[in-house]
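Undergrad: Coordinates in target_25.txt, compact mmCIF, N, CA and C atoms, are listed below.
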```
# COMPACT_ATOMS: atom_id res chain seq x y z
N MET P 1 22.40 -3.88 -13.72
CA MET P 1 22.99 -4.92 -14.52
C MET P 1 23.07 -6.18 -13.68
N LEU P 2 22.61 -7.29 -14.23
CA LEU P 2 22.66 -8.58 -13.55
C LEU P 2 23.56 -9.53 -14.31
N ASP P 3 24.53 -10.09 -13.63
CA ASP P 3 25.30 -11.21 -14.15
C ASP P 3 24.72 -12.44 -13.47
N VAL P 4 24.38 -13.45 -14.26
CA VAL P 4 23.71 -14.65 -13.75
C VAL P 4 24.46 -15.87 -14.27
N TRP P 5 24.71 -16.84 -13.39
CA TRP P 5 25.35 -18.07 -13.84
C TRP P 5 24.91 -19.24 -12.97
N GLN P 6 25.02 -20.44 -13.55
CA GLN P 6 24.55 -21.64 -12.87
C GLN P 6 25.19 -22.86 -13.51
N THR P 7 24.95 -24.02 -12.87
CA THR P 7 25.42 -25.29 -13.43
C THR P 7 24.44 -25.81 -14.46
N ASP P 8 24.88 -26.83 -15.19
CA ASP P 8 23.97 -27.53 -16.09
C ASP P 8 23.17 -28.56 -15.27
N ALA P 9 22.38 -29.37 -15.90
CA ALA P 9 21.53 -30.34 -15.20
C ALA P 9 22.35 -31.38 -14.44
N ARG P 10 23.61 -31.57 -14.84
CA ARG P 10 24.48 -32.53 -14.14
C ARG P 10 25.21 -31.91 -12.95
N GLY P 11 25.05 -30.59 -12.76
CA GLY P 11 25.72 -29.92 -11.65
C GLY P 11 27.10 -29.40 -11.98
N LEU P 12 27.41 -29.27 -13.28
CA LEU P 12 28.73 -28.82 -13.70
C LEU P 12 28.66 -27.44 -14.34
N TYR P 13 29.66 -26.60 -14.04
CA TYR P 13 29.76 -25.28 -14.66
C TYR P 13 30.52 -25.38 -15.97
N SER P 14 30.15 -24.52 -16.92
CA SER P 14 30.95 -24.43 -18.13
C SER P 14 32.25 -23.72 -17.78
N ASN P 15 33.26 -23.98 -18.54
CA ASN P 15 34.59 -23.37 -18.35
C ASN P 15 35.10 -23.54 -16.93
N LEU P 16 34.81 -24.66 -16.34
CA LEU P 16 35.21 -24.93 -14.96
C LEU P 16 36.72 -24.83 -14.77
N LEU P 17 37.48 -25.24 -15.77
CA LEU P 17 38.94 -25.20 -15.66
C LEU P 17 39.55 -23.93 -16.24
N GLY P 18 38.70 -23.03 -16.76
CA GLY P 18 39.20 -21.77 -17.30
C GLY P 18 39.93 -21.89 -18.62
N LEU P 19 39.64 -22.92 -19.39
CA LEU P 19 40.35 -23.15 -20.64
C LEU P 19 39.60 -22.67 -21.88
N ALA P 20 38.37 -22.22 -21.73
CA ALA P 20 37.57 -21.79 -22.89
C ALA P 20 38.09 -20.47 -23.44
N ARG P 21 38.00 -20.32 -24.76
CA ARG P 21 38.37 -19.06 -25.39
C ARG P 21 37.26 -18.05 -25.16
N PRO P 22 37.59 -16.80 -24.87
CA PRO P 22 36.57 -15.77 -24.58
C PRO P 22 35.49 -15.62 -25.65
N GLY P 23 35.79 -15.81 -26.92
CA GLY P 23 34.80 -15.64 -27.98
C GLY P 23 33.98 -16.88 -28.28
N ASP P 24 34.23 -17.99 -27.61
CA ASP P 24 33.56 -19.25 -27.90
C ASP P 24 32.32 -19.41 -27.02
N PRO P 25 31.09 -19.25 -27.58
CA PRO P 25 29.89 -19.35 -26.76
C PRO P 25 29.68 -20.73 -26.15
N ARG P 26 30.26 -21.78 -26.76
CA ARG P 26 30.13 -23.12 -26.18
C ARG P 26 30.92 -23.25 -24.89
N GLY P 27 31.90 -22.39 -24.69
CA GLY P 27 32.71 -22.44 -23.48
C GLY P 27 32.08 -21.71 -22.31
N TYR P 28 31.03 -20.94 -22.57
CA TYR P 28 30.40 -20.13 -21.52
C TYR P 28 28.89 -20.36 -21.53
N ARG P 29 28.48 -21.55 -21.26
CA ARG P 29 27.06 -21.89 -21.26
C ARG P 29 26.44 -21.61 -19.90
N LEU P 30 25.15 -21.27 -19.90
CA LEU P 30 24.39 -21.01 -18.68
C LEU P 30 25.01 -19.87 -17.88
N ARG P 31 25.49 -18.88 -18.59
CA ARG P 31 26.03 -17.65 -18.02
C ARG P 31 25.46 -16.52 -18.86
N GLY P 32 25.09 -15.44 -18.22
CA GLY P 32 24.55 -14.34 -18.99
C GLY P 32 24.59 -13.03 -18.23
N ARG P 33 24.39 -11.97 -18.98
CA ARG P 33 24.33 -10.62 -18.42
C ARG P 33 23.09 -9.96 -19.01
N LEU P 34 22.29 -9.33 -18.14
CA LEU P 34 21.09 -8.65 -18.61
C LEU P 34 20.87 -7.39 -17.80
N ARG P 35 20.13 -6.49 -18.37
CA ARG P 35 19.76 -5.25 -17.69
C ARG P 35 18.32 -5.35 -17.23
N SER P 36 18.05 -4.77 -16.09
CA SER P 36 16.66 -4.67 -15.65
C SER P 36 16.01 -3.55 -16.44
N ASP P 37 14.68 -3.49 -16.40
CA ASP P 37 13.99 -2.38 -17.06
C ASP P 37 14.04 -1.15 -16.14
N GLY P 38 13.38 -0.08 -16.51
CA GLY P 38 13.38 1.16 -15.74
C GLY P 38 12.81 1.03 -14.35
N GLU P 39 12.00 0.00 -14.12
CA GLU P 39 11.41 -0.26 -12.80
C GLU P 39 12.23 -1.26 -11.99
N GLY P 40 13.34 -1.73 -12.55
CA GLY P 40 14.18 -2.69 -11.86
C GLY P 40 13.74 -4.14 -12.06
N ARG P 41 12.80 -4.38 -12.97
CA ARG P 41 12.32 -5.75 -13.21
C ARG P 41 13.26 -6.46 -14.18
N TYR P 42 13.38 -7.75 -14.01
CA TYR P 42 14.18 -8.56 -14.91
C TYR P 42 13.51 -9.91 -15.09
N ARG P 43 13.89 -10.59 -16.15
CA ARG P 43 13.36 -11.93 -16.41
C ARG P 43 14.35 -12.64 -17.31
N PHE P 44 14.57 -13.90 -17.04
CA PHE P 44 15.37 -14.71 -17.94
C PHE P 44 14.84 -16.14 -17.90
N VAL P 45 15.13 -16.88 -18.93
CA VAL P 45 14.69 -18.27 -19.05
C VAL P 45 15.95 -19.13 -19.08
N SER P 46 15.94 -20.20 -18.31
CA SER P 46 17.09 -21.09 -18.26
C SER P 46 16.62 -22.49 -17.91
N ARG P 47 17.55 -23.36 -17.68
CA ARG P 47 17.27 -24.72 -17.21
C ARG P 47 17.37 -24.75 -15.70
N LEU P 48 16.73 -25.73 -15.09
CA LEU P 48 16.87 -25.93 -13.66
C LEU P 48 18.28 -26.46 -13.42
N PRO P 49 19.07 -25.77 -12.60
CA PRO P 49 20.45 -26.24 -12.37
C PRO P 49 20.47 -27.55 -11.62
N GLY P 50 21.56 -28.29 -11.79
CA GLY P 50 21.73 -29.55 -11.08
C GLY P 50 22.41 -29.34 -9.73
N HIS P 51 22.47 -30.40 -8.95
CA HIS P 51 23.21 -30.39 -7.69
C HIS P 51 24.69 -30.58 -8.00
N TYR P 52 25.56 -29.88 -7.27
CA TYR P 52 26.99 -30.14 -7.42
C TYR P 52 27.23 -31.61 -7.10
N PRO P 53 27.95 -32.33 -7.92
CA PRO P 53 28.19 -33.76 -7.63
C PRO P 53 29.37 -33.95 -6.67
N LEU P 54 29.20 -33.51 -5.43
CA LEU P 54 30.31 -33.56 -4.47
C LEU P 54 30.04 -34.56 -3.34
N TRP P 55 29.26 -35.56 -3.60
CA TRP P 55 28.92 -36.62 -2.65
C TRP P 55 28.48 -36.05 -1.30
N VAL P 56 29.25 -36.18 -0.25
CA VAL P 56 28.79 -35.69 1.06
C VAL P 56 28.69 -34.17 1.11
N LEU P 57 29.33 -33.47 0.21
CA LEU P 57 29.28 -32.00 0.17
C LEU P 57 28.35 -31.50 -0.93
N THR P 58 27.46 -32.34 -1.39
CA THR P 58 26.56 -31.94 -2.48
C THR P 58 25.77 -30.70 -2.08
N ARG P 59 25.76 -29.73 -2.98
CA ARG P 59 25.05 -28.47 -2.72
C ARG P 59 23.67 -28.50 -3.36
N PRO P 60 22.72 -27.72 -2.79
CA PRO P 60 21.39 -27.64 -3.39
C PRO P 60 21.45 -26.91 -4.73
N ARG P 61 20.42 -27.11 -5.53
CA ARG P 61 20.31 -26.38 -6.81
C ARG P 61 20.29 -24.89 -6.51
N HIS P 62 21.02 -24.11 -7.30
CA HIS P 62 21.03 -22.67 -7.06
C HIS P 62 21.48 -21.92 -8.31
N VAL P 63 21.17 -20.63 -8.32
CA VAL P 63 21.57 -19.72 -9.38
C VAL P 63 22.33 -18.58 -8.72
N HIS P 64 23.46 -18.18 -9.31
CA HIS P 64 24.27 -17.09 -8.78
C HIS P 64 23.87 -15.77 -9.43
N PHE P 65 23.93 -14.70 -8.65
CA PHE P 65 23.65 -13.35 -9.14
C PHE P 65 24.74 -12.39 -8.67
N LEU P 66 25.19 -11.54 -9.57
CA LEU P 66 26.00 -10.38 -9.22
C LEU P 66 25.24 -9.19 -9.79
N VAL P 67 24.83 -8.26 -8.93
CA VAL P 67 23.97 -7.16 -9.36
C VAL P 67 24.68 -5.83 -9.07
N THR P 68 24.72 -4.97 -10.08
CA THR P 68 25.32 -3.65 -9.92
C THR P 68 24.36 -2.59 -10.44
N CYS P 69 24.41 -1.42 -9.79
CA CYS P 69 23.60 -0.28 -10.20
C CYS P 69 24.29 0.97 -9.68
N PRO P 70 24.49 1.99 -10.53
CA PRO P 70 25.14 3.21 -10.05
C PRO P 70 24.44 3.75 -8.81
N GLY P 71 25.25 4.17 -7.81
CA GLY P 71 24.70 4.74 -6.59
C GLY P 71 24.29 3.70 -5.55
N HIS P 72 24.56 2.41 -5.83
CA HIS P 72 24.19 1.33 -4.91
C HIS P 72 25.37 0.40 -4.69
N ARG P 73 25.34 -0.30 -3.56
CA ARG P 73 26.36 -1.29 -3.28
C ARG P 73 26.15 -2.52 -4.16
N ARG P 74 27.23 -3.08 -4.60
CA ARG P 74 27.18 -4.31 -5.40
C ARG P 74 26.62 -5.44 -4.54
N LEU P 75 25.80 -6.30 -5.15
CA LEU P 75 25.22 -7.44 -4.45
C LEU P 75 25.66 -8.72 -5.15
N ILE P 76 26.20 -9.64 -4.37
CA ILE P 76 26.52 -10.99 -4.87
C ILE P 76 25.73 -11.95 -4.00
N THR P 77 24.91 -12.79 -4.63
CA THR P 77 24.05 -13.69 -3.86
C THR P 77 23.72 -14.93 -4.66
N GLN P 78 22.96 -15.81 -4.06
CA GLN P 78 22.50 -17.03 -4.71
C GLN P 78 21.01 -17.22 -4.43
N LEU P 79 20.34 -17.84 -5.35
CA LEU P 79 18.92 -18.17 -5.24
C LEU P 79 18.81 -19.69 -5.13
N TYR P 80 18.04 -20.16 -4.14
CA TYR P 80 17.83 -21.59 -3.94
C TYR P 80 16.35 -21.90 -4.11
N PHE P 81 16.03 -23.18 -4.29
CA PHE P 81 14.66 -23.59 -4.56
C PHE P 81 14.10 -24.43 -3.42
N ALA P 82 12.90 -24.04 -2.95
CA ALA P 82 12.23 -24.74 -1.85
C ALA P 82 12.08 -26.22 -2.18
N GLY P 83 12.17 -27.05 -1.14
CA GLY P 83 11.97 -28.48 -1.30
C GLY P 83 13.23 -29.26 -1.66
N ASP P 84 14.34 -28.58 -1.92
CA ASP P 84 15.57 -29.28 -2.26
C ASP P 84 16.09 -30.02 -1.02
N PRO P 85 16.39 -31.30 -1.13
CA PRO P 85 16.80 -32.06 0.06
C PRO P 85 18.15 -31.63 0.64
N TYR P 86 18.94 -30.87 -0.09
CA TYR P 86 20.26 -30.47 0.40
C TYR P 86 20.26 -29.08 1.06
N LEU P 87 19.12 -28.42 1.12
CA LEU P 87 19.07 -27.06 1.69
C LEU P 87 19.54 -27.01 3.14
N ARG P 88 19.09 -27.93 3.96
CA ARG P 88 19.34 -27.80 5.40
C ARG P 88 20.79 -28.00 5.79
N ARG P 89 21.60 -28.63 4.95
CA ARG P 89 22.99 -28.81 5.35
C ARG P 89 23.97 -27.92 4.61
N ASP P 90 23.48 -26.96 3.84
CA ASP P 90 24.35 -26.04 3.12
C ASP P 90 24.57 -24.78 3.96
N PRO P 91 25.79 -24.42 4.27
CA PRO P 91 26.05 -23.27 5.16
C PRO P 91 25.72 -21.91 4.56
N TRP P 92 25.53 -21.82 3.24
CA TRP P 92 25.26 -20.52 2.62
C TRP P 92 23.76 -20.24 2.45
N VAL P 93 22.93 -21.21 2.73
CA VAL P 93 21.48 -21.03 2.55
C VAL P 93 20.89 -20.23 3.70
N LYS P 94 20.11 -19.21 3.34
CA LYS P 94 19.30 -18.45 4.30
C LYS P 94 17.86 -18.53 3.80
N ASP P 95 16.91 -18.47 4.72
CA ASP P 95 15.50 -18.56 4.32
C ASP P 95 15.13 -17.52 3.27
N SER P 96 15.71 -16.32 3.36
CA SER P 96 15.37 -15.24 2.43
C SER P 96 15.85 -15.52 1.00
N LEU P 97 16.71 -16.52 0.83
CA LEU P 97 17.24 -16.86 -0.49
C LEU P 97 16.56 -18.08 -1.12
N VAL P 98 15.56 -18.62 -0.43
CA VAL P 98 14.87 -19.82 -0.91
C VAL P 98 13.50 -19.42 -1.44
N VAL P 99 13.23 -19.79 -2.69
CA VAL P 99 11.95 -19.45 -3.31
C VAL P 99 11.25 -20.71 -3.81
N PRO P 100 9.92 -20.70 -3.82
CA PRO P 100 9.20 -21.86 -4.36
C PRO P 100 9.23 -21.86 -5.88
N LEU P 101 9.21 -23.04 -6.45
CA LEU P 101 9.05 -23.21 -7.89
C LEU P 101 7.58 -23.42 -8.17
N GLN P 102 7.06 -22.68 -9.12
CA GLN P 102 5.66 -22.81 -9.53
C GLN P 102 5.61 -23.49 -10.90
N PRO P 103 4.74 -24.50 -11.07
CA PRO P 103 4.64 -25.14 -12.38
C PRO P 103 4.14 -24.15 -13.43
N GLU P 104 4.65 -24.30 -14.63
CA GLU P 104 4.27 -23.40 -15.72
C GLU P 104 4.47 -24.16 -17.03
N GLU P 105 3.58 -23.94 -17.99
CA GLU P 105 3.79 -24.56 -19.29
C GLU P 105 4.88 -23.80 -20.01
N ALA P 106 5.87 -24.53 -20.45
CA ALA P 106 7.02 -23.91 -21.12
C ALA P 106 6.86 -24.04 -22.63
N GLU P 107 7.92 -23.73 -23.32
CA GLU P 107 7.91 -23.81 -24.78
C GLU P 107 7.54 -25.20 -25.27
N ARG P 108 6.92 -25.23 -26.42
CA ARG P 108 6.55 -26.48 -27.09
C ARG P 108 5.71 -27.41 -26.23
N GLY P 109 4.96 -26.85 -25.28
CA GLY P 109 4.05 -27.64 -24.47
C GLY P 109 4.70 -28.47 -23.38
N ARG P 110 6.00 -28.36 -23.23
CA ARG P 110 6.69 -29.11 -22.18
C ARG P 110 6.50 -28.41 -20.84
N PRO P 111 6.42 -29.17 -19.74
CA PRO P 111 6.27 -28.52 -18.44
C PRO P 111 7.53 -27.74 -18.06
N GLY P 112 7.34 -26.68 -17.33
CA GLY P 112 8.45 -25.87 -16.88
C GLY P 112 8.19 -25.38 -15.47
N TRP P 113 9.06 -24.53 -15.00
CA TRP P 113 8.96 -23.98 -13.65
C TRP P 113 9.20 -22.49 -13.70
N ARG P 114 8.62 -21.80 -12.74
CA ARG P 114 8.78 -20.36 -12.63
C ARG P 114 9.10 -20.03 -11.18
N ALA P 115 9.99 -19.07 -10.99
CA ALA P 115 10.34 -18.61 -9.64
C ALA P 115 10.44 -17.09 -9.66
N ARG P 116 10.12 -16.49 -8.54
CA ARG P 116 10.25 -15.04 -8.39
C ARG P 116 11.28 -14.78 -7.31
N PHE P 117 12.25 -13.94 -7.63
CA PHE P 117 13.32 -13.61 -6.71
C PHE P 117 13.54 -12.10 -6.75
N ASP P 118 13.17 -11.42 -5.68
CA ASP P 118 13.34 -9.97 -5.60
C ASP P 118 14.70 -9.66 -5.00
N LEU P 119 15.46 -8.84 -5.71
CA LEU P 119 16.79 -8.43 -5.27
C LEU P 119 16.71 -7.00 -4.79
N VAL P 120 17.22 -6.70 -3.61
CA VAL P 120 17.16 -5.36 -3.03
C VAL P 120 18.57 -4.85 -2.85
N LEU P 121 18.87 -3.70 -3.45
CA LEU P 121 20.21 -3.12 -3.36
C LEU P 121 20.24 -2.02 -2.31
N GLU P 122 21.35 -1.91 -1.59
CA GLU P 122 21.53 -0.85 -0.61
C GLU P 122 22.18 0.34 -1.28
N PRO P 123 21.73 1.56 -0.96
CA PRO P 123 22.39 2.75 -1.50
C PRO P 123 23.83 2.83 -0.99
N ASP P 124 24.70 3.46 -1.79
CA ASP P 124 26.09 3.70 -1.35
C ASP P 124 26.13 4.58 -0.14
```
Using structure tokens, write down the structure that the file contains.

TA:
Amino acid sequence: MLDVWQTDARGLYSNLLGLARPGDPRGYRLRGRLRSDGEGRYRFVSRLPGHYPLWVLTRPRHVHFLVTCPGHRRLITQLYFAGDPYLRRDPWVKDSLVVPLQPEEAERGRPGWRARFDLVLEPD
């Protein structure tokens, strides 16, 4: 099971103040839960997240993952994108968490991006 969340294009999270009602989908945007297939593969489509608007503390674009699987240790991590100018000054960035974006034609002929991020879980 993968829980995935990210900011919008402006770098803001939905329900940042915790005031959204649990049943209101507008209060929980760019957040989702999905299951991998029997081989552990997963795929989701989203928007490219924005940079946190924190001026000198601006963070690189990233996507959060919380991954669980029976018999394995829970994994909480982030995925970053190569070429982001804020990568080198972020203390949470590791090379293994940075992936290249590949151009791809998206829906309705608009350009899009594709990234591959392999998540490896440790047995309990």

Undergrad: Closest to P:Ser96 among P:Pro53, P:Leu79, P:Thr7, P:Arg110, using only C-alpha atoms?

TA: P:Leu79

Undergrad: May I ask which of the residues P:Val45, P:Val99, P:Cys69, P:Ile76 is the closest one to P:Pro123, counting only C-alpha atoms?

TA: P:Cys69

Undergrad: Which neighbours of stretch 13-30 of chain P fall inside 8 Å, counting all atoms listed in the file, when residues of the same chain fewer than 6 positions from it are skipped, and could you give them as a short mmCIF file (atom, residue, chain, number, x, y, z; two decimals) with N, CA and C atoms, keeping the file's coordinate frame?

TA:
```cif
data_model
loop_
_atom_site.label_atom_id
_atom_site.label_comp_id
_atom_site.auth_asym_id
_atom_site.auth_seq_id
_atom_site.Cartn_x
_atom_site.Cartn_y
_atom_site.Cartn_z
N VAL P 4 24.38 -13.45 -14.26
CA VAL P 4 23.71 -14.65 -13.75
C VAL P 4 24.46 -15.87 -14.27
N TRP P 5 24.71 -16.84 -13.39
CA TRP P 5 25.35 -18.07 -13.84
C TRP P 5 24.91 -19.24 -12.97
N GLN P 6 25.02 -20.44 -13.55
CA GLN P 6 24.55 -21.64 -12.87
C GLN P 6 25.19 -22.86 -13.51
N THR P 7 24.95 -24.02 -12.87
CA THR P 7 25.42 -25.29 -13.43
C THR P 7 24.44 -25.81 -14.46
N SER P 46 15.94 -20.20 -18.31
CA SER P 46 17.09 -21.09 -18.26
C SER P 46 16.62 -22.49 -17.91
N ARG P 47 17.55 -23.36 -17.68
CA ARG P 47 17.27 -24.72 -17.21
C ARG P 47 17.37 -24.75 -15.70
N TYR P 52 25.56 -29.88 -7.27
CA TYR P 52 26.99 -30.14 -7.42
C TYR P 52 27.23 -31.61 -7.10
#
```

Undergrad: Choose the residue, out of P:Arg74, P:Arg31, P:Arg43, P:Arg61, that has the smallest atom-to-atom separation from P:Glu122; count only N, CA and C atoms.

TA: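 Answer, going by the shortest atom-to-atom distance: P:Arg74.
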
Undergrad: Enumerate, as a ChimeraX atom specification, the complete set of residues in chain P that a backbone-based DSSP assignment places in strand (DSSP E or B).

TA: /P:2-6,31-34,62-67,72,75-81,98-99,102-105,111-114,123

Undergrad: Would you please extract all helix (DSSP H, G or I) residues from stretch 11-60 of chain P, as assigned by DSSP on the backbone, and give them as a list of chain:residue names?

TA: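 Residues meeting the helix (DSSP H, G or I) criterion: P:Pro25, P:Arg26, P:Gly27, P:Trp55, P:Val56, P:Leu57.
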
Undergrad: Rank nothing, just name the residue among P:Leu57, P:Gly32, P:Leu101, P:Gly50 nearest to P:Trp113, using all atoms listed in the file.

TA: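 Closest candidate: P:Leu101.
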
Undergrad: Interatomic distance between atom CA of P:Tyr80 and atom CA of P:Val63?

TA: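 Between these atoms lies a distance of 6.9 Å.
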
Undergrad: Of the residues P:Leu48, P:Asp3, P:Trp55, P:Gly83, which is the one nearest to P:Leu34, using all atoms listed in the file?

TA: P:Asp3

Undergrad: Give me, as a ChimeraX atom specification, all polymer residues having an atom no more than 10 Å from P:Leu2, counting only C-alpha atoms and skipping those fewer than 4 positions away in the same chain.

TA: /P:32-36,42,64-69,75-76

Undergrad: Keeping only N, CA and C atoms, write the selected residues as a PDB file, keeping the file's coordinate frame.

TA:
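Result written to again.pdb:
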```pdb
ATOM      1  N   GLY P  32      25.090 -15.440 -18.220  1.00  0.00           N
ATOM      2  CA  GLY P  32      24.550 -14.340 -18.990  1.00  0.00           C
ATOM      3  C   GLY P  32      24.590 -13.030 -18.230  1.00  0.00           C
ATOM      4  N   ARG P  33      24.390 -11.970 -18.980  1.00  0.00           N
ATOM      5  CA  ARG P  33      24.330 -10.620 -18.420  1.00  0.00           C
ATOM      6  C   ARG P  33      23.090  -9.960 -19.010  1.00  0.00           C
ATOM      7  N   LEU P  34      22.290  -9.330 -18.140  1.00  0.00           N
ATOM      8  CA  LEU P  34      21.090  -8.650 -18.610  1.00  0.00           C
ATOM      9  C   LEU P  34      20.870  -7.390 -17.800  1.00  0.00           C
ATOM     10  N   ARG P  35      20.130  -6.490 -18.370  1.00  0.00           N
ATOM     11  CA  ARG P  35      19.760  -5.250 -17.690  1.00  0.00           C
ATOM     12  C   ARG P  35      18.320  -5.350 -17.230  1.00  0.00           C
ATOM     13  N   SER P  36      18.050  -4.770 -16.090  1.00  0.00           N
ATOM     14  CA  SER P  36      16.660  -4.670 -15.650  1.00  0.00           C
ATOM     15  C   SER P  36      16.010  -3.550 -16.440  1.00  0.00           C
ATOM     16  N   TYR P  42      13.380  -7.750 -14.010  1.00  0.00           N
ATOM     17  CA  TYR P  42      14.180  -8.560 -14.910  1.00  0.00           C
ATOM     18  C   TYR P  42      13.510  -9.910 -15.090  1.00  0.00           C
ATOM     19  N   HIS P  64      23.460 -18.180  -9.310  1.00  0.00           N
ATOM     20  CA  HIS P  64      24.270 -17.090  -8.780  1.00  0.00           C
ATOM     21  C   HIS P  64      23.870 -15.770  -9.430  1.00  0.00           C
ATOM     22  N   PHE P  65      23.930 -14.700  -8.650  1.00  0.00           N
ATOM     23  CA  PHE P  65      23.650 -13.350  -9.140  1.00  0.00           C
ATOM     24  C   PHE P  65      24.740 -12.390  -8.670  1.00  0.00           C
ATOM     25  N   LEU P  66      25.190 -11.540  -9.570  1.00  0.00           N
ATOM     26  CA  LEU P  66      26.000 -10.380  -9.220  1.00  0.00           C
ATOM     27  C   LEU P  66      25.240  -9.190  -9.790  1.00  0.00           C
ATOM     28  N   VAL P  67      24.830  -8.260  -8.930  1.00  0.00           N
ATOM     29  CA  VAL P  67      23.970  -7.160  -9.360  1.00  0.00           C
ATOM     30  C   VAL P  67      24.680  -5.830  -9.070  1.00  0.00           C
ATOM     31  N   THR P  68      24.720  -4.970 -10.080  1.00  0.00           N
ATOM     32  CA  THR P  68      25.320  -3.650  -9.920  1.00  0.00           C
ATOM     33  C   THR P  68      24.360  -2.590 -10.440  1.00  0.00           C
ATOM     34  N   CYS P  69      24.410  -1.420  -9.790  1.00  0.00           N
ATOM     35  CA  CYS P  69      23.600  -0.280 -10.200  1.00  0.00           C
ATOM     36  C   CYS P  69      24.290   0.970  -9.680  1.00  0.00           C
ATOM     37  N   LEU P  75      25.800  -6.300  -5.150  1.00  0.00           N
ATOM     38  CA  LEU P  75      25.220  -7.440  -4.450  1.00  0.00           C
ATOM     39  C   LEU P  75      25.660  -8.720  -5.150  1.00  0.00           C
ATOM     40  N   ILE P  76      26.200  -9.640  -4.370  1.00  0.00           N
ATOM     41  CA  ILE P  76      26.520 -10.990  -4.870  1.00  0.00           C
ATOM     42  C   ILE P  76      25.730 -11.950  -4.000  1.00  0.00           C
TER      43      ILE P  76
END
```

Undergrad: For each of P:Arg10, P:Arg59, P:Arg108, P:Arg73, take the minimum atom-to-atom distance to P:Arg89, counting all atoms listed in the file, then give the residue where this is smallest.

TA: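 Closest to P:Arg89 of all the choices is P:Arg59.
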
Undergrad: May I ask for the distance between atom CA of P:Leu87 and atom CA of P:Asp118, given in Å to one decimal place?

TA: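 A separation of 19.4 Å between them.
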
Undergrad: Could you tell me how far atom CA of P:His72 lies from atom CA of P:Leu97, in Å and to one decimal?

TA: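 Interatomic distance here is 20.0 Å.
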
Undergrad: Which residues come within 12 Å of P:Val56, counting only C-alpha atoms, excluding same-chain residues fewer than 5 positions away, as a PyMOL selection string?

TA: chain P and resi 51+86+89-90

Undergrad: Would you mind listing what lies within 6.5 Å of P:Pro100 as a VMD selection string, with only N, CA and C atoms counted and same-chain residues fewer than 5 positions away left out?

TA: chain P and resid 81 to 82 114 to 116

Undergrad: Could you write stretch 91-95 of chain P as a compact mmCIF listing (two decimals), in the coordinates of the input, with all heavy atoms rebuilt where they are missing?

TA:
```txt
# COMPACT_ATOMS: atom_id res chain seq x y z
N PRO P 91 25.79 -24.42 4.27
CA PRO P 91 26.05 -23.27 5.16
C PRO P 91 25.72 -21.91 4.56
O PRO P 91 25.61 -20.94 5.29
CB PRO P 91 27.56 -23.39 5.45
CG PRO P 91 28.12 -24.14 4.28
CD PRO P 91 27.04 -25.08 3.84
N TRP P 92 25.53 -21.82 3.24
CA TRP P 92 25.26 -20.52 2.62
C TRP P 92 23.76 -20.24 2.45
O TRP P 92 23.38 -19.14 2.08
CB TRP P 92 25.96 -20.43 1.26
CG TRP P 92 27.44 -20.42 1.42
CD1 TRP P 92 28.21 -19.38 1.85
CD2 TRP P 92 28.33 -21.49 1.17
NE1 TRP P 92 29.52 -19.75 1.90
CE2 TRP P 92 29.63 -21.05 1.47
CE3 TRP P 92 28.17 -22.80 0.73
CZ2 TRP P 92 30.76 -21.84 1.35
CZ3 TRP P 92 29.29 -23.60 0.58
CH2 TRP P 92 30.56 -23.12 0.90
N VAL P 93 22.93 -21.21 2.73
CA VAL P 93 21.48 -21.03 2.55
C VAL P 93 20.89 -20.23 3.70
O VAL P 93 21.15 -20.51 4.86
CB VAL P 93 20.78 -22.40 2.44
CG1 VAL P 93 19.27 -22.22 2.40
CG2 VAL P 93 21.25 -23.16 1.22
N LYS P 94 20.11 -19.21 3.34
CA LYS P 94 19.30 -18.45 4.30
C LYS P 94 17.86 -18.53 3.80
O LYS P 94 17.62 -18.60 2.59
CB LYS P 94 19.73 -16.98 4.32
CG LYS P 94 21.14 -16.76 4.76
CD LYS P 94 21.46 -15.28 4.68
CE LYS P 94 22.93 -15.06 4.93
NZ LYS P 94 23.32 -13.70 4.63
N ASP P 95 16.91 -18.47 4.72
CA ASP P 95 15.50 -18.56 4.32
C ASP P 95 15.13 -17.52 3.27
O ASP P 95 14.33 -17.79 2.37
CB ASP P 95 14.58 -18.41 5.53
CG ASP P 95 14.63 -19.63 6.44
OD1 ASP P 95 15.10 -20.70 6.01
OD2 ASP P 95 14.19 -19.50 7.60
```
